[in-house]
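Dumped target-v1.txt below, it's compact mmCIF, N, CA and C atoms:
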# COMPACT_ATOMS: atom_id res chain seq x y z
N MET A 1 39.38 7.76 38.48
CA MET A 1 39.65 8.39 39.76
C MET A 1 40.88 9.29 39.66
N LEU A 2 41.95 8.74 39.09
CA LEU A 2 43.19 9.50 38.95
C LEU A 2 43.00 10.67 37.98
N TYR A 3 42.20 10.43 36.95
CA TYR A 3 41.94 11.49 35.97
C TYR A 3 41.19 12.65 36.63
N GLY A 4 40.18 12.33 37.43
CA GLY A 4 39.41 13.37 38.12
C GLY A 4 40.26 14.15 39.10
N LEU A 5 41.15 13.47 39.80
CA LEU A 5 42.06 14.14 40.73
C LEU A 5 43.01 15.07 39.98
N ALA A 6 43.51 14.62 38.84
CA ALA A 6 44.41 15.46 38.04
C ALA A 6 43.69 16.70 37.53
N ILE A 7 42.44 16.55 37.11
CA ILE A 7 41.66 17.71 36.64
C ILE A 7 41.41 18.69 37.78
N PHE A 8 41.11 18.16 38.97
CA PHE A 8 40.88 19.03 40.13
C PHE A 8 42.14 19.83 40.46
N ILE A 9 43.29 19.18 40.50
CA ILE A 9 44.55 19.87 40.79
C ILE A 9 44.86 20.89 39.70
N PHE A 10 44.56 20.53 38.44
CA PHE A 10 44.80 21.43 37.31
C PHE A 10 43.97 22.70 37.44
N VAL A 11 42.71 22.57 37.80
CA VAL A 11 41.85 23.75 37.97
C VAL A 11 42.32 24.58 39.15
N LEU A 12 42.73 23.93 40.21
CA LEU A 12 43.25 24.65 41.38
C LEU A 12 44.51 25.44 41.02
N ILE A 13 45.39 24.83 40.25
CA ILE A 13 46.60 25.54 39.81
C ILE A 13 46.24 26.72 38.92
N CYS A 14 45.24 26.55 38.05
CA CYS A 14 44.81 27.66 37.18
C CYS A 14 44.32 28.84 38.00
N ILE A 15 43.50 28.57 39.00
CA ILE A 15 42.96 29.65 39.84
C ILE A 15 44.09 30.34 40.62
N LEU A 16 44.99 29.54 41.20
CA LEU A 16 46.12 30.13 41.94
C LEU A 16 47.03 30.95 41.03
N LEU A 17 47.23 30.45 39.82
CA LEU A 17 48.09 31.17 38.87
C LEU A 17 47.48 32.52 38.50
N MET A 18 46.17 32.55 38.30
CA MET A 18 45.51 33.83 38.01
C MET A 18 45.63 34.80 39.18
N ALA A 19 45.42 34.29 40.38
CA ALA A 19 45.50 35.16 41.56
C ALA A 19 46.90 35.70 41.76
N ILE A 20 47.92 34.87 41.61
CA ILE A 20 49.30 35.32 41.82
C ILE A 20 49.72 36.32 40.74
N ILE A 21 49.28 36.10 39.52
CA ILE A 21 49.62 37.05 38.45
C ILE A 21 48.97 38.41 38.72
N LEU A 22 47.74 38.40 39.22
CA LEU A 22 47.08 39.67 39.53
C LEU A 22 47.71 40.39 40.73
N LEU A 23 48.34 39.64 41.63
CA LEU A 23 48.97 40.26 42.79
C LEU A 23 50.31 40.92 42.46
N GLN A 24 50.93 40.51 41.37
CA GLN A 24 52.24 41.07 41.04
C GLN A 24 52.10 42.55 40.69
N SER A 25 53.10 43.29 41.08
CA SER A 25 53.06 44.73 40.80
C SER A 25 53.60 44.99 39.40
N SER A 26 52.95 45.91 38.74
CA SER A 26 53.42 46.33 37.43
C SER A 26 53.94 47.76 37.55
N LYS A 27 54.16 48.40 36.42
CA LYS A 27 54.65 49.77 36.45
C LYS A 27 53.64 50.71 37.10
N SER A 28 52.35 50.38 36.96
CA SER A 28 51.32 51.25 37.53
C SER A 28 50.87 50.78 38.91
N GLY A 29 51.49 49.77 39.45
CA GLY A 29 51.15 49.35 40.80
C GLY A 29 50.44 48.01 40.86
N GLY A 30 49.71 47.62 39.82
CA GLY A 30 49.03 46.34 39.79
C GLY A 30 47.88 46.27 40.77
N MET A 31 47.24 45.13 40.82
CA MET A 31 46.13 44.95 41.76
C MET A 31 46.62 44.55 43.14
N GLY A 32 47.89 44.20 43.24
CA GLY A 32 48.44 43.82 44.54
C GLY A 32 48.38 44.95 45.54
N GLY A 33 48.58 46.16 45.08
CA GLY A 33 48.50 47.30 45.97
C GLY A 33 47.09 47.59 46.43
N ALA A 34 46.12 47.39 45.55
CA ALA A 34 44.73 47.66 45.91
C ALA A 34 44.16 46.58 46.81
N MET A 35 44.55 45.34 46.59
CA MET A 35 43.97 44.24 47.35
C MET A 35 44.63 44.07 48.71
N MET A 36 45.90 44.37 48.81
CA MET A 36 46.62 44.10 50.05
C MET A 36 46.82 45.36 50.89
N GLY A 37 46.07 46.38 50.66
CA GLY A 37 46.13 47.55 51.52
C GLY A 37 47.22 48.52 51.14
N GLY A 38 47.46 48.69 49.87
CA GLY A 38 48.40 49.72 49.43
C GLY A 38 49.84 49.45 49.80
N GLY A 39 50.33 48.27 49.57
CA GLY A 39 51.74 47.97 49.81
C GLY A 39 52.00 47.15 51.05
N ALA A 40 51.01 46.57 51.64
CA ALA A 40 51.22 45.77 52.84
C ALA A 40 52.07 44.54 52.54
N ILE A 41 51.95 43.99 51.34
CA ILE A 41 52.77 42.83 50.98
C ILE A 41 54.23 43.24 50.82
N ASN A 42 54.48 44.46 50.31
CA ASN A 42 55.85 44.95 50.20
C ASN A 42 56.44 45.23 51.58
N THR A 43 55.62 45.68 52.50
CA THR A 43 56.09 45.93 53.86
C THR A 43 56.44 44.63 54.56
N ALA A 44 55.65 43.60 54.32
CA ALA A 44 55.87 42.31 54.97
C ALA A 44 57.15 41.64 54.47
N PHE A 45 57.40 41.70 53.16
CA PHE A 45 58.56 41.00 52.59
C PHE A 45 59.69 41.93 52.19
N GLY A 46 59.58 43.17 52.41
CA GLY A 46 60.60 44.12 51.97
C GLY A 46 60.24 44.66 50.60
N GLY A 47 60.99 45.64 50.14
CA GLY A 47 60.68 46.31 48.87
C GLY A 47 60.65 45.38 47.68
N GLN A 48 61.74 44.65 47.46
CA GLN A 48 61.81 43.74 46.32
C GLN A 48 61.52 42.30 46.71
N GLY A 49 61.40 42.03 47.99
CA GLY A 49 61.18 40.67 48.45
C GLY A 49 59.85 40.10 47.98
N ALA A 50 58.83 40.94 47.97
CA ALA A 50 57.51 40.48 47.55
C ALA A 50 57.50 40.16 46.07
N ASP A 51 58.15 41.00 45.27
CA ASP A 51 58.19 40.76 43.83
C ASP A 51 58.95 39.48 43.51
N LYS A 52 60.07 39.25 44.20
CA LYS A 52 60.85 38.03 43.95
C LYS A 52 60.06 36.78 44.37
N LEU A 53 59.36 36.88 45.49
CA LEU A 53 58.57 35.75 45.95
C LEU A 53 57.42 35.44 44.99
N LEU A 54 56.73 36.49 44.54
CA LEU A 54 55.62 36.28 43.61
C LEU A 54 56.10 35.75 42.27
N VAL A 55 57.27 36.18 41.82
CA VAL A 55 57.83 35.66 40.56
C VAL A 55 58.19 34.19 40.72
N ARG A 56 58.75 33.79 41.85
CA ARG A 56 59.08 32.37 42.08
C ARG A 56 57.82 31.51 42.14
N ILE A 57 56.81 32.01 42.84
CA ILE A 57 55.55 31.26 42.92
C ILE A 57 54.91 31.15 41.54
N THR A 58 54.94 32.23 40.77
CA THR A 58 54.38 32.21 39.42
C THR A 58 55.12 31.22 38.54
N SER A 59 56.45 31.20 38.64
CA SER A 59 57.25 30.27 37.84
C SER A 59 56.93 28.82 38.20
N GLY A 60 56.82 28.54 39.48
CA GLY A 60 56.50 27.18 39.91
C GLY A 60 55.11 26.75 39.46
N LEU A 61 54.15 27.64 39.60
CA LEU A 61 52.78 27.31 39.17
C LEU A 61 52.69 27.16 37.65
N ALA A 62 53.43 28.00 36.92
CA ALA A 62 53.41 27.89 35.45
C ALA A 62 54.04 26.58 34.99
N ALA A 63 55.14 26.18 35.61
CA ALA A 63 55.78 24.91 35.25
C ALA A 63 54.86 23.73 35.58
N SER A 64 54.24 23.77 36.76
CA SER A 64 53.33 22.68 37.12
C SER A 64 52.09 22.67 36.22
N PHE A 65 51.64 23.83 35.78
CA PHE A 65 50.51 23.93 34.85
C PHE A 65 50.84 23.23 33.54
N MET A 66 52.02 23.52 33.00
CA MET A 66 52.40 22.93 31.71
C MET A 66 52.62 21.42 31.82
N ILE A 67 53.28 20.99 32.87
CA ILE A 67 53.54 19.56 33.05
C ILE A 67 52.23 18.80 33.25
N LEU A 68 51.35 19.35 34.07
CA LEU A 68 50.07 18.69 34.32
C LEU A 68 49.19 18.69 33.07
N ALA A 69 49.26 19.74 32.26
CA ALA A 69 48.49 19.77 31.01
C ALA A 69 48.96 18.67 30.06
N ILE A 70 50.26 18.45 29.98
CA ILE A 70 50.79 17.39 29.14
C ILE A 70 50.38 16.02 29.68
N LEU A 71 50.47 15.84 30.99
CA LEU A 71 50.09 14.56 31.59
C LEU A 71 48.60 14.26 31.42
N ILE A 72 47.76 15.25 31.58
CA ILE A 72 46.32 15.05 31.39
C ILE A 72 46.03 14.71 29.93
N GLY A 73 46.75 15.33 29.02
CA GLY A 73 46.57 15.01 27.60
C GLY A 73 46.96 13.58 27.27
N MET A 74 47.93 13.04 27.99
CA MET A 74 48.37 11.66 27.73
C MET A 74 47.53 10.64 28.49
N MET A 75 46.78 11.08 29.50
CA MET A 75 45.96 10.15 30.28
C MET A 75 44.76 9.68 29.47
N GLU A 76 44.23 8.55 29.87
CA GLU A 76 43.03 8.03 29.23
C GLU A 76 41.82 8.59 29.95
N ASN A 77 40.97 9.28 29.20
CA ASN A 77 39.78 9.90 29.76
C ASN A 77 38.68 8.84 29.87
N PRO A 78 38.22 8.53 31.06
CA PRO A 78 37.19 7.49 31.19
C PRO A 78 35.84 7.89 30.61
N ALA A 79 35.57 9.18 30.49
CA ALA A 79 34.28 9.63 29.96
C ALA A 79 34.21 9.53 28.45
N SER A 80 35.34 9.41 27.77
CA SER A 80 35.32 9.38 26.31
C SER A 80 35.71 8.01 25.76
N LYS A 81 35.48 6.97 26.53
CA LYS A 81 35.78 5.63 26.03
C LYS A 81 34.75 5.23 24.99
N ILE A 82 35.23 4.59 23.94
CA ILE A 82 34.37 4.09 22.89
C ILE A 82 34.31 2.58 23.03
N ASP A 83 33.10 2.06 23.04
CA ASP A 83 32.91 0.63 23.17
C ASP A 83 32.94 0.01 21.78
N PHE A 84 33.98 -0.74 21.49
CA PHE A 84 34.14 -1.34 20.18
C PHE A 84 33.58 -2.76 20.17
N ASP A 85 32.29 -2.89 20.43
CA ASP A 85 31.64 -4.19 20.35
C ASP A 85 31.46 -4.59 18.90
N ASN A 86 31.28 -5.85 18.67
CA ASN A 86 30.96 -6.32 17.33
C ASN A 86 29.48 -6.19 17.04
N LYS A 87 28.69 -5.86 18.06
CA LYS A 87 27.26 -5.72 17.89
C LYS A 87 26.95 -4.34 17.30
N PRO A 88 26.19 -4.29 16.23
CA PRO A 88 25.85 -2.98 15.65
C PRO A 88 24.83 -2.27 16.52
N THR A 89 24.88 -0.96 16.46
CA THR A 89 23.92 -0.16 17.21
C THR A 89 22.53 -0.27 16.60
N LEU A 90 22.47 -0.18 15.28
CA LEU A 90 21.20 -0.33 14.59
C LEU A 90 21.05 -1.77 14.15
N THR A 91 19.88 -2.34 14.34
CA THR A 91 19.68 -3.74 14.01
C THR A 91 18.70 -3.90 12.86
N ARG A 92 18.59 -2.96 11.97
CA ARG A 92 17.61 -3.05 10.90
C ARG A 92 18.06 -4.00 9.79
N ASN A 93 19.35 -4.25 9.66
CA ASN A 93 19.84 -5.10 8.59
C ASN A 93 20.15 -6.51 9.05
N THR A 94 19.57 -6.95 10.11
CA THR A 94 19.80 -8.31 10.56
C THR A 94 18.94 -9.27 9.76
N ASN A 95 19.25 -10.52 9.80
CA ASN A 95 18.52 -11.52 9.03
C ASN A 95 17.24 -11.97 9.71
N ASN A 96 16.96 -11.50 10.88
CA ASN A 96 15.75 -11.88 11.60
C ASN A 96 14.59 -11.02 11.13
N MET A 97 13.71 -11.61 10.33
CA MET A 97 12.54 -10.88 9.85
C MET A 97 11.39 -11.09 10.82
N ASN A 98 10.59 -10.10 10.99
CA ASN A 98 9.39 -10.25 11.81
C ASN A 98 8.41 -11.17 11.11
N GLN A 99 7.61 -11.88 11.87
CA GLN A 99 6.65 -12.81 11.30
C GLN A 99 5.50 -12.07 10.62
N THR A 100 5.26 -10.83 10.96
CA THR A 100 4.14 -10.09 10.39
C THR A 100 4.49 -9.48 9.04
N GLU A 101 5.74 -9.38 8.70
CA GLU A 101 6.13 -8.79 7.43
C GLU A 101 5.92 -9.79 6.30
N ALA A 102 5.41 -9.31 5.20
CA ALA A 102 5.23 -10.17 4.03
C ALA A 102 6.52 -10.16 3.23
N PRO A 103 6.91 -11.32 2.68
CA PRO A 103 8.12 -11.36 1.86
C PRO A 103 7.90 -10.59 0.56
N ILE A 104 8.93 -9.98 0.07
CA ILE A 104 8.86 -9.19 -1.16
C ILE A 104 9.10 -10.12 -2.34
N ASN A 105 8.21 -10.07 -3.33
CA ASN A 105 8.34 -10.89 -4.53
C ASN A 105 9.18 -10.13 -5.54
N THR A 106 10.38 -10.59 -5.80
CA THR A 106 11.28 -9.91 -6.73
C THR A 106 11.13 -10.41 -8.15
N ASP A 107 10.34 -11.48 -8.36
CA ASP A 107 10.17 -12.03 -9.71
C ASP A 107 9.07 -11.33 -10.49
N ALA A 108 8.20 -10.59 -9.80
CA ALA A 108 7.08 -9.93 -10.48
C ALA A 108 7.59 -8.75 -11.29
N PRO A 109 7.04 -8.53 -12.48
CA PRO A 109 7.47 -7.37 -13.30
C PRO A 109 7.00 -6.08 -12.67
N LEU A 110 7.75 -5.06 -12.89
CA LEU A 110 7.42 -3.75 -12.35
C LEU A 110 6.50 -3.01 -13.29
N ASP A 111 5.52 -2.33 -12.75
CA ASP A 111 4.60 -1.53 -13.56
C ASP A 111 5.16 -0.12 -13.57
N ILE A 112 5.79 0.26 -14.67
CA ILE A 112 6.46 1.56 -14.77
C ILE A 112 5.56 2.53 -15.51
N GLY A 113 4.66 3.13 -14.83
CA GLY A 113 3.82 4.22 -15.35
C GLY A 113 3.24 3.97 -16.72
N SER A 114 2.39 3.01 -16.89
CA SER A 114 1.76 2.78 -18.19
C SER A 114 0.85 3.94 -18.56
N ASP A 115 0.39 4.70 -17.59
CA ASP A 115 -0.47 5.85 -17.87
C ASP A 115 0.32 6.95 -18.57
N VAL A 116 1.60 7.08 -18.29
CA VAL A 116 2.43 8.10 -18.91
C VAL A 116 2.57 7.80 -20.40
N ASN A 117 2.80 6.56 -20.76
CA ASN A 117 2.94 6.19 -22.17
C ASN A 117 1.62 6.36 -22.91
N ASP A 118 0.49 6.07 -22.28
CA ASP A 118 -0.81 6.22 -22.93
C ASP A 118 -1.12 7.68 -23.18
N SER A 119 -0.74 8.59 -22.30
CA SER A 119 -1.04 10.00 -22.51
C SER A 119 -0.20 10.57 -23.63
N LYS A 120 0.98 10.07 -23.85
CA LYS A 120 1.81 10.55 -24.96
C LYS A 120 1.27 10.05 -26.30
N ALA A 121 0.69 8.87 -26.29
CA ALA A 121 0.15 8.32 -27.51
C ALA A 121 -1.10 9.07 -27.94
N ASP A 122 -1.84 9.63 -27.00
CA ASP A 122 -3.06 10.37 -27.32
C ASP A 122 -2.77 11.70 -27.98
N GLU A 123 -1.60 12.24 -27.81
CA GLU A 123 -1.29 13.57 -28.35
C GLU A 123 -1.04 13.52 -29.76
Kindly return the structure encoded in the file as structure tokens.
Amino acid sequence: MLYGLAIFIFVLICILLMAIILLQSSKSGGMGGAMMGGGAINTAFGGQGADKLLVRITSGLAASFMILAILIGMMENPASKIDFDNKPTLTRNTNNMNQTEAPINTDAPLDIGSDVNDSKADE
């Protein structure tokens, strides 16, 4: 539950961080001028007020992004738990033989291609 909440907040911070970075003005004006009506954000907060506010918001979001990324990395992910049972996944090597299987006779001699030796003798 806590892991899922942390991931949700992390994704929300990522989206907000992208939006705030795109709103900042650059030397060519940035997307902030196009999205906010050609300087409406600068009019609302003053000439440099908008840039200072956006830089502070970006710094806060970036710091929270890094801290949350470290915390999520240290958290235990419930979806990737490994069950360390003593029971094997494959049961082919167990000592329980089926009743229909015939036991293998290991005392009988092996017939190793007697036809191969006979064909060499004929040559």
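Our summary of the geometry notes that atom CA of Leu16 of chain A is positioned 28.1 Å from atom CA of Ser80 of chain A.
Of the listed residues (A:Ile57, A:Ile72, A:Ile20, A:Ile15), A:Ile72 comes nearest to Tyr3 of chain A; the distances count only N, CA and C atoms.
In this comparison, which uses only C-alpha atoms, the residue of A:Met74, A:Leu17, A:Ile9, A:Ala79 approaching Val55 of chain A most closely is A:Leu17.
Atom to atom, atom CA of Ala62 of chain A and atom N of Cys14 of chain A stand 8.7 Å apart.
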Output as JSON the centre and edge lengths (Å, one decimal) of the box along x, y and z of the file that holds every listed atom of segment 6-14 of chain A after adding 6 Å on each side.
{"center_x": 43.7, "center_y": 21.7, "center_z": 39.0, "size_x": 17.7, "size_y": 26.2, "size_z": 16.7}
I need the residue nearest Gln24 of chain A from this list: A:Pro78, A:Gly73, A:Gly60, A:Leu53. Use only C-alpha atoms for the distance.
A:Leu53
Students should find that atom N of Lys81 of chain A and atom N of Met1 of chain A are spaced 12.6 Å
